[in-house]
Structures are given as structure tokens and as C-alpha cells.
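Participant: This is the structure I want to talk about, given as C-alpha cells.
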Amino acid sequence: MADESMRIEGLAPRRVEGVLPELRTSRAAADTTAASSFKDVLADAVGEVQRLQNEADMTIKQVVAGEIKDVTDAMIAVEKADVAFQTLMTVRNKIVAAYEEIMRTQI
């Protein structure tokens with residue numbers, strides 16, 4: 001017995017004709033990745049992390065100033081920024097490890 005008030009519009013399962021949704025998504029991602037360089041992808045990721053950091057800082061300042069009474073908004077913004085930064089650092093570490101491995105390779 002499903003509660004109709006819990007339904008969210010637009011989240012119903014969709015039928016895709018001919019192509020599995022996973023393949024369609026990976027193809028679209030491959031098309032956009034091929035169009036932009038690795039440098040652009042990294043620059044966009046760093047920019048997004050910086051935006052989330054700035055948003056978290058602004059939210060914390062609003063809490064301290066008393067403009068926001070609910071602290072959960074600030075906590076959510078800080079956690080988003082933290083997760084994005086940790087993900088970026090993990091990617092950076094993987095890139096550095098790959099570079100070091102390539103440099104150790106003998107020709």
C-alpha cells in the first residue's frame with residue numbers, strides 16, 4: 001500500500017527503447033569528455049570545489065552573524081565542501097601515483 005503523498009513527480013521508472021540507460025549515459029559522457037581536454041576537466045573540478053568552499057564559508061558567516069537560525073544548512077554546506085575536497089585530493093593522489101609509475105618505467 002503506497003502512500004500517494006510520498007510520490008515525487010518525475011522519479012518514475014522510464015522505458016528506453018533500443019539502448020540500455022547505462023550505455024546511453026556512458027556514451028553521452030564519452031562524447032562530452034572527448035570534446036574537452038583533461039586539463040579542462042581538472043580545472044572545472046577545482047573550480048567546483050572552490051565554489052563549494054566559498055559557499056560553506058558564506059553559510060558559516062551567516063550562522064555566526066545570526067542571519068541563519070538553522071545550523072543544519074551550514075553543516076550540509078560544510079560537508080559538501082569536505083566531500084568534494086576529499087574526492088579531489090584522492091584524484092590528485094591517483095594522478096601523482098600514475099605519473100610516478102610512468103617515470104619508473106624503463107624504455
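Residue names in the C-alpha cells use chain letters A, B, ... in the order shown, residue numbers from 1 in each chain, and ligand numbers from 1 in the order shown.
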So that I can see what lies close to range 43-49 of chain A, please list as a PyMOL selection string the residues with an atom at most 9 Å from it, counting only C-alpha atoms and leaving out residues fewer than 5 positions away in the same chain.

Facilitator: chain A and resi 38+54+81-82+84-85+88

Participant: Do you know which residues are at most 12 Å from Asp70 in chain A counting only C-alpha atoms, after dropping those on the same chain fewer than 6 positions away, and could you put them as a list in words?

Facilitator: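 Non-adjacent residues within range: Thr59, Ile60, Gln62, Val63, Val64 and Ile76 of chain A.
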
Participant: How far is it from CA of Thr90 in chain A to CA of Met58 in chain A, in Å with one decimal?

Facilitator: 25.5 Å

Participant: Have a look at CA of Thr87 in chain A and CA of Ser37 in chain A and let me know their distance in Å, one decimal.

Facilitator: 19.7 Å

Participant: Rounded to one decimal, what separation in Å do you get between CA of Thr105 in chain A and CA of Val41 in chain A?

Facilitator: 26.4 Å

Participant: Could you check the closest approach to Asp57 in chain A for each of A:Glu100, A:Lys80, A:Asp40, A:Gln86 and tell me which residue wins, using only C-alpha atoms?

Facilitator: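 Result for the nearest residue to Asp57 in chain A: A:Lys80.
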
Participant: So, with only C-alpha atoms as the atoms that count, which of A:Gln50, A:Lys39, A:Ala56, A:Lys94 lies closest to Glu79 in chain A?

Facilitator: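 Closest candidate: A:Ala56.
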